[in-house]
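Below is coords27.cif, holding mmCIF, C-alpha atoms.
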```cif
data_coords
loop_
_atom_site.label_atom_id
_atom_site.label_comp_id
_atom_site.auth_asym_id
_atom_site.auth_seq_id
_atom_site.Cartn_x
_atom_site.Cartn_y
_atom_site.Cartn_z
CA LEU A 1 49.07 54.89 60.82
CA ALA A 2 48.65 56.33 57.33
CA ALA A 3 51.75 54.48 56.14
CA ILE A 4 50.42 51.19 57.55
CA ARG A 5 47.09 51.72 55.78
CA LEU A 6 48.87 52.41 52.48
CA LEU A 7 50.95 49.28 52.96
CA ARG A 8 47.84 47.20 53.59
CA LEU A 9 46.17 48.72 50.52
CA TRP A 10 49.25 47.90 48.43
CA ARG A 11 49.13 44.30 49.68
CA VAL A 12 45.47 44.03 48.67
CA VAL A 13 46.31 45.38 45.19
CA ARG A 14 49.12 42.83 44.83
CA ILE A 15 46.82 39.99 45.89
CA LEU A 16 44.23 41.13 43.33
CA ARG A 17 46.90 41.21 40.61
CA ILE A 18 48.03 37.69 41.49
CA PHE A 19 44.40 36.59 41.56
CA GLY A 20 43.86 38.05 38.09
CA ARG A 21 46.75 36.05 36.62
CA GLN A 22 45.69 32.65 37.93
CA ARG A 23 44.17 30.60 35.14
CA SER A 24 42.94 27.99 37.59
CA LEU A 25 40.60 30.62 39.08
CA LEU A 26 39.08 31.61 35.74
CA GLU A 27 35.51 30.72 36.78
CA LEU A 28 35.82 32.75 39.98
CA GLN A 29 37.22 35.69 38.00
CA LYS A 30 34.20 35.55 35.72
CA LEU A 31 31.85 35.54 38.72
CA VAL A 32 33.55 38.62 40.20
CA LEU A 33 33.57 40.35 36.81
CA MET A 34 29.88 39.56 36.29
CA ALA A 35 28.96 40.87 39.74
CA SER A 36 30.86 44.13 39.19
CA THR A 37 29.53 44.58 35.64
CA CYS A 38 25.89 43.89 36.50
CA PHE A 39 25.73 45.75 39.81
CA LYS A 40 23.80 48.71 38.38
CA THR A 41 21.46 46.36 36.51
CA LEU A 42 20.83 44.38 39.71
CA VAL A 43 19.99 47.53 41.66
CA TRP A 44 17.43 48.64 39.06
CA SER A 45 16.08 45.10 38.86
CA PHE A 46 15.46 45.05 42.61
CA VAL A 47 13.74 48.45 42.36
CA PHE A 48 11.51 47.15 39.56
CA CYS A 49 10.69 44.01 41.57
CA PHE A 50 9.82 46.13 44.59
CA VAL A 51 7.52 48.37 42.51
CA VAL A 52 5.64 45.40 41.05
CA MET A 53 5.41 43.80 44.49
CA THR A 54 4.09 47.07 45.97
CA ILE A 55 1.31 47.22 43.35
CA TRP A 56 0.13 43.76 44.41
CA ALA A 57 0.55 44.75 48.08
CA MET A 58 -1.77 47.72 47.55
CA LEU A 59 -4.40 45.39 46.07
CA LEU A 60 -3.98 43.07 49.04
CA GLY A 61 -4.48 45.95 51.46
CA GLU A 62 -7.46 47.44 49.66
CA ILE A 63 -9.34 44.27 48.66
CA VAL A 64 -8.10 41.28 50.67
CA ASN A 65 -7.62 42.87 54.10
CA PRO A 66 -11.34 43.73 54.63
CA LEU A 67 -12.21 40.16 53.63
CA ILE A 68 -9.74 38.78 56.16
CA GLN A 69 -11.38 40.93 58.85
CA GLU A 70 -14.78 39.52 57.85
CA LEU A 71 -13.39 36.00 58.13
CA LEU A 72 -12.07 36.77 61.61
CA GLU A 73 -15.50 38.05 62.69
CA LYS A 74 -17.16 34.85 61.44
CA ASP A 75 -14.47 32.48 62.74
CA PRO A 76 -11.91 34.01 65.14
CA ALA A 77 -10.01 30.70 65.25
CA ILE A 78 -9.37 30.50 61.50
CA PHE A 79 -5.80 31.84 61.89
CA ASN A 80 -5.17 30.48 65.40
CA ASP A 81 -1.86 28.87 64.49
CA CYS A 82 -0.64 32.01 62.70
CA GLU A 83 -0.68 35.21 64.74
CA HIS A 84 0.81 37.46 62.04
CA CYS A 85 -1.69 36.28 59.40
CA THR A 86 -4.46 38.47 60.90
CA ARG A 87 -2.43 41.65 60.27
CA ALA A 88 -0.36 40.53 57.26
CA THR A 89 -2.35 42.73 54.85
CA SER A 90 -3.21 45.59 57.20
CA SER A 91 -0.70 47.94 55.52
CA VAL A 92 1.18 48.14 52.24
CA MET A 93 4.54 47.40 53.85
CA ARG A 94 3.17 44.40 55.76
CA ALA A 95 1.60 43.12 52.55
CA ASN A 96 4.98 43.61 50.86
CA LEU A 97 6.57 41.56 53.60
CA LEU A 98 3.91 38.88 53.12
CA LEU A 99 4.60 38.71 49.38
CA PHE A 100 8.35 38.57 49.93
CA LYS A 101 8.00 35.76 52.48
CA THR A 102 5.48 33.69 50.57
CA VAL A 103 6.24 34.35 46.88
CA ILE A 104 9.97 35.08 46.72
CA ALA A 105 11.24 33.24 49.82
CA GLY A 106 8.64 30.46 49.47
CA ASP A 107 7.58 30.51 53.13
CA SER A 108 4.12 28.90 53.64
CA TRP A 109 2.25 30.50 50.76
CA GLY A 110 -1.03 28.76 51.60
CA ARG A 111 -1.20 29.77 55.24
CA VAL A 112 -2.91 33.07 54.40
CA ALA A 113 -3.95 32.47 50.79
CA VAL A 114 -5.80 29.14 51.05
CA PRO A 115 -8.36 30.07 53.79
CA VAL A 116 -9.12 33.38 52.06
CA ILE A 117 -9.45 31.79 48.60
CA GLU A 118 -11.73 29.07 49.97
CA ALA A 119 -14.01 31.69 51.49
CA TYR A 120 -13.71 34.23 48.64
CA PRO A 121 -12.65 32.51 45.38
CA GLY A 122 -12.30 35.82 43.57
CA THR A 123 -9.23 36.66 45.65
CA SER A 124 -7.37 33.89 43.80
CA ILE A 125 -6.80 36.45 41.03
CA ILE A 126 -4.66 38.49 43.42
CA PHE A 127 -2.86 35.64 45.16
CA VAL A 128 -2.20 33.55 42.05
CA GLY A 129 -1.59 36.63 39.91
CA SER A 130 1.10 37.93 42.28
CA GLN A 131 2.72 34.49 42.34
CA LEU A 132 2.81 34.18 38.53
CA THR A 133 3.83 37.79 37.95
CA LEU A 134 6.69 37.84 40.44
CA VAL A 135 8.08 34.33 40.09
CA PHE A 136 7.57 33.52 36.42
CA GLY A 137 7.64 37.12 35.20
CA VAL A 138 9.79 39.55 37.15
CA LEU A 139 12.40 37.15 38.57
CA ASN A 140 12.97 35.41 35.23
CA LEU A 141 13.13 38.79 33.52
CA ILE A 142 15.79 39.91 36.01
CA VAL A 143 17.88 36.82 35.24
CA ALA A 144 17.54 37.40 31.49
CA VAL A 145 18.51 41.08 31.74
CA VAL A 146 21.51 40.37 33.99
CA VAL A 147 22.82 37.67 31.64
CA ASP A 148 22.25 39.92 28.60
CA THR A 149 24.06 42.81 30.31
CA PHE A 150 27.05 40.62 31.11
CA ALA A 151 27.11 39.22 27.56
CA ASP A 152 27.12 42.75 26.07
CA SER A 153 29.85 43.85 28.46
CA ARG A 154 31.91 40.77 27.67
CA ASP A 155 31.62 41.38 23.91
CA ARG A 156 32.87 44.94 24.41
CA ASP A 157 35.77 43.84 26.60
CA ILE A 158 38.40 43.41 23.86
CA LEU A 159 41.28 42.96 26.31
CA ASN A 160 39.60 40.05 28.09
CA LEU A 161 38.61 38.44 24.80
CA ALA A 162 42.20 38.68 23.57
CA GLU A 163 43.48 37.10 26.79
CA GLU A 164 40.95 34.26 26.52
CA MET A 165 41.92 33.66 22.90
CA GLU A 166 45.58 33.55 23.95
CA GLN A 167 44.78 31.08 26.71
CA ASP A 168 42.76 28.91 24.31
CA LEU A 169 45.63 28.99 21.80
CA GLU A 170 48.13 27.95 24.46
CA SER A 171 45.83 25.16 25.63
CA ASP A 172 45.42 23.91 22.04
CA LYS A 173 49.18 23.94 21.55
CA GLN A 174 49.73 21.84 24.66
CA PHE A 175 46.99 19.43 23.59
CA LEU A 176 48.44 19.02 20.08
CA GLU A 177 51.94 18.58 21.50
CA ARG A 178 50.79 15.71 23.74
CA MET A 179 48.84 14.15 20.88
CA PHE A 180 51.76 14.33 18.42
CA HIS A 181 54.08 12.84 21.06
CA ARG A 182 51.81 9.81 21.17
CA ILE A 183 51.80 9.52 17.37
CA ASP A 184 55.59 9.92 17.15
CA LEU A 185 56.43 6.30 17.92
CA ASP A 186 60.16 6.51 17.18
CA GLY A 187 60.57 9.67 19.31
CA CYS A 188 62.59 11.55 16.72
CA GLY A 189 60.60 14.77 17.19
CA GLN A 190 59.28 14.79 13.63
CA LEU A 191 56.19 13.22 12.07
CA SER A 192 56.21 11.54 8.70
CA LEU A 193 53.17 11.18 6.47
CA GLU A 194 52.96 7.48 7.35
CA GLN A 195 52.93 8.30 11.08
CA LEU A 196 50.17 10.87 10.57
CA VAL A 197 48.04 8.40 8.64
CA GLU A 198 48.67 5.67 11.21
CA GLY A 199 47.87 8.09 14.04
CA ALA A 200 44.62 9.04 12.34
CA ARG A 201 43.68 5.34 12.33
CA ARG A 202 44.49 4.44 15.93
CA ASP A 203 44.43 7.67 18.02
CA HIS A 204 40.85 8.55 19.00
CA GLU A 205 41.59 12.18 19.94
CA PHE A 206 43.40 12.76 16.64
CA GLN A 207 40.45 11.20 14.82
CA SER A 208 38.05 13.53 16.61
CA ARG A 209 40.13 16.58 15.71
CA LEU A 210 40.26 15.58 12.06
CA ARG A 211 36.52 14.87 12.02
CA VAL A 212 35.77 18.33 13.41
CA MET A 213 37.93 19.88 10.66
CA ASP A 214 36.24 17.63 8.05
CA ILE A 215 39.53 15.94 7.14
CA ASP A 216 39.73 12.23 6.31
CA GLU A 217 42.61 9.88 5.49
CA ALA A 218 42.44 10.71 1.78
CA ASP A 219 42.89 14.41 2.55
CA LEU A 220 45.99 13.62 4.64
CA VAL A 221 47.55 11.63 1.81
CA GLN A 222 46.86 14.42 -0.66
#
```
Write the structure described by the file as structure tokens, please.
Amino acid sequence: LAAIRLLRLWRVVRILRIFGRQRSLLELQKLVLMASTCFKTLVWSFVFCFVVMTIWAMLLGEIVNPLIQELLEKDPAIFNDCEHCTRATSSVMRANLLLFKTVIAGDSWGRVAVPVIEAYPGTSIIFVGSQLTLVFGVLNLIVAVVVDTFADSRDRDILNLAEEMEQDLESDKQFLERMFHRIDLDGCGQLSLEQLVEGARRDHEFQSRLRVMDIDEADLVQ
């Protein structure tokens, strides 16, 4: 059994090596690399998000929950179509679940918030504040930190940068080879000055390359 497990592990390693050499899967390789590089950052980001969400959940439990109970005493049918709404803020963890469902997952934010805000407008500070803080603050901050972490890691990854430069160089060579084949009308394998000038006049890709390098027809002749 141990030998079979080692053989399976060796097969997985070989598949990963083949996967790493495939240029056609470059985008997928970057996704895997980004996920592995930013894993620690993601974990701390989720912890930070949970802490911020818990602070708002505590405010919901301390301030909003008694107001919800008062609403239920005045109008027991106010949350008739939503059974969990009556106990959504009864504890910190339930309030956390409410914030996750409504703010992060986007599940019926107004079902609890709107009746309470209409009865007690001051609670809008908590409901709207949690929405703005979590969605436009914490979640965007997480995205920014993850992207910045990957960018720093990528800049430090000299081996990957060298491979990408080699791939770009090879791609440029192939592109120039195809372009010069089009310009070489007589097919002799060599380009004369006249052919270069003529190619610069009629070949749009060659014109674009020269324009990027700030080279015009006069520079070619010189």
Problem set entry | Distance of CA of Thr86 (chain A) from CA of Ile68 (chain A), expressed in Å to one decimal place | 7.1 Å
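Closest approach to Gly199 (chain A) from the set A:Leu99, A:Met179, A:Leu7, A:Ala218 is made by A:Met179, with distances taken over all atoms listed in the file.
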Once 6 Å is added on each side, what are the centre and the three edge lengths, in Å to one decimal, of the axis-aligned box enclosing the listed atoms of region 165-171 of chain A? Present them as JSON.
```
{"center_x": 45.0, "center_y": 29.4, "center_z": 24.3, "size_x": 18.2, "size_y": 20.5, "size_z": 16.9}
```
Problem set entry | Test item: residues at most 8 Å from Thr37 (chain A), all atoms listed in the file, excluding those fewer than 4 positions along its chain, as a PyMOL selection string | chain A and resi 33+149-150+153
For this session: Extract, using all atoms listed in the file, all DNA, RNA and protein residues at most 12 Å from Phe175 (chain A), discarding same-chain residues fewer than 6 positions from it, and format them as JSON, numbers by chain.
Result: {"A": [168, 169, 181, 182, 205, 206, 209]}
Exercise. Restricting the calculation to only C-alpha atoms, which member of A:Val12, A:Phe48, A:Ile4, A:Leu42 is positioned closest to Val147 (chain A)?
Worked result: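 Of the candidates, the smallest distance to Val147 (chain A) is held by A:Leu42.
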Problem set entry | Selected residue of minimal separation from Ala113 (chain A) among A:Ile183, A:Ala151, A:Met93, A:Leu60, counting all atoms listed in the file |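 The closest residue to Ala113 (chain A) is A:Leu60.
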Exercise. If you count only C-alpha atoms, which residues fall within 12 Å of Glu62 (chain A), apart from same-chain ones fewer than 5 positions away, as a PyMOL selection string?
Worked result: chain A and resi 55-57+67-69+89-92+95+123+126
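Here CA of Asp75 (chain A) is placed at a distance of 23.4 Å from CA of Ile125 (chain A).
Around the coordinate (6.6, 32.1, 40.5), residues that reach within 12 Å when counting all atoms listed in the file are Leu99, Phe100, Thr102, Val103, Ile104, Ala105, Gly106, Trp109, Phe127, Val128, Gly129, Ser130, Gln131, Leu132, Thr133, Leu134, Val135, Phe136, Gly137, Val138, Leu139, Asn140 and Leu141 of chain A.
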Seminar exercise, completed: Here CA of Gln190 (chain A) and CA of Arg178 (chain A) stand apart by 13.2 Å
Here's the selection I'm unsure about, the PyMOL selection byres ((chain A and resi 45-47) around 10); applied to the file above, which residues does it give, as an mmCIF file with C-alpha atoms, in the frame of the given file?
```cif
data_model
loop_
_atom_site.group_PDB
_atom_site.id
_atom_site.type_symbol
_atom_site.label_atom_id
_atom_site.label_comp_id
_atom_site.auth_asym_id
_atom_site.auth_seq_id
_atom_site.Cartn_x
_atom_site.Cartn_y
_atom_site.Cartn_z
ATOM 1 C CA PHE A 39 25.730 45.750 39.810
ATOM 2 C CA LYS A 40 23.800 48.710 38.380
ATOM 3 C CA THR A 41 21.460 46.360 36.510
ATOM 4 C CA LEU A 42 20.830 44.380 39.710
ATOM 5 C CA VAL A 43 19.990 47.530 41.660
ATOM 6 C CA TRP A 44 17.430 48.640 39.060
ATOM 7 C CA PHE A 48 11.510 47.150 39.560
ATOM 8 C CA CYS A 49 10.690 44.010 41.570
ATOM 9 C CA PHE A 50 9.820 46.130 44.590
ATOM 10 C CA VAL A 51 7.520 48.370 42.510
ATOM 11 C CA VAL A 52 5.640 45.400 41.050
ATOM 12 C CA MET A 53 5.410 43.800 44.490
ATOM 13 C CA VAL A 138 9.790 39.550 37.150
ATOM 14 C CA LEU A 139 12.400 37.150 38.570
ATOM 15 C CA LEU A 141 13.130 38.790 33.520
ATOM 16 C CA ILE A 142 15.790 39.910 36.010
ATOM 17 C CA VAL A 143 17.880 36.820 35.240
ATOM 18 C CA VAL A 145 18.510 41.080 31.740
ATOM 19 C CA VAL A 146 21.510 40.370 33.990
#
```
Exercise. Hey, what comes out of the PyMOL selection byres ((chain A and resi 191-194) around 12) on this file? Could you write it as a VMD selection string?
Worked result: chain A and resid 177 179 to 190 195 to 201 217 to 222
Exercise. Of the candidates A:Leu97, A:Leu210, A:Ala144, A:Val32, which one gets nearest to Leu176 (chain A) if we count only C-alpha atoms?
Worked result: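 Nearest to Leu176 (chain A): A:Leu210.
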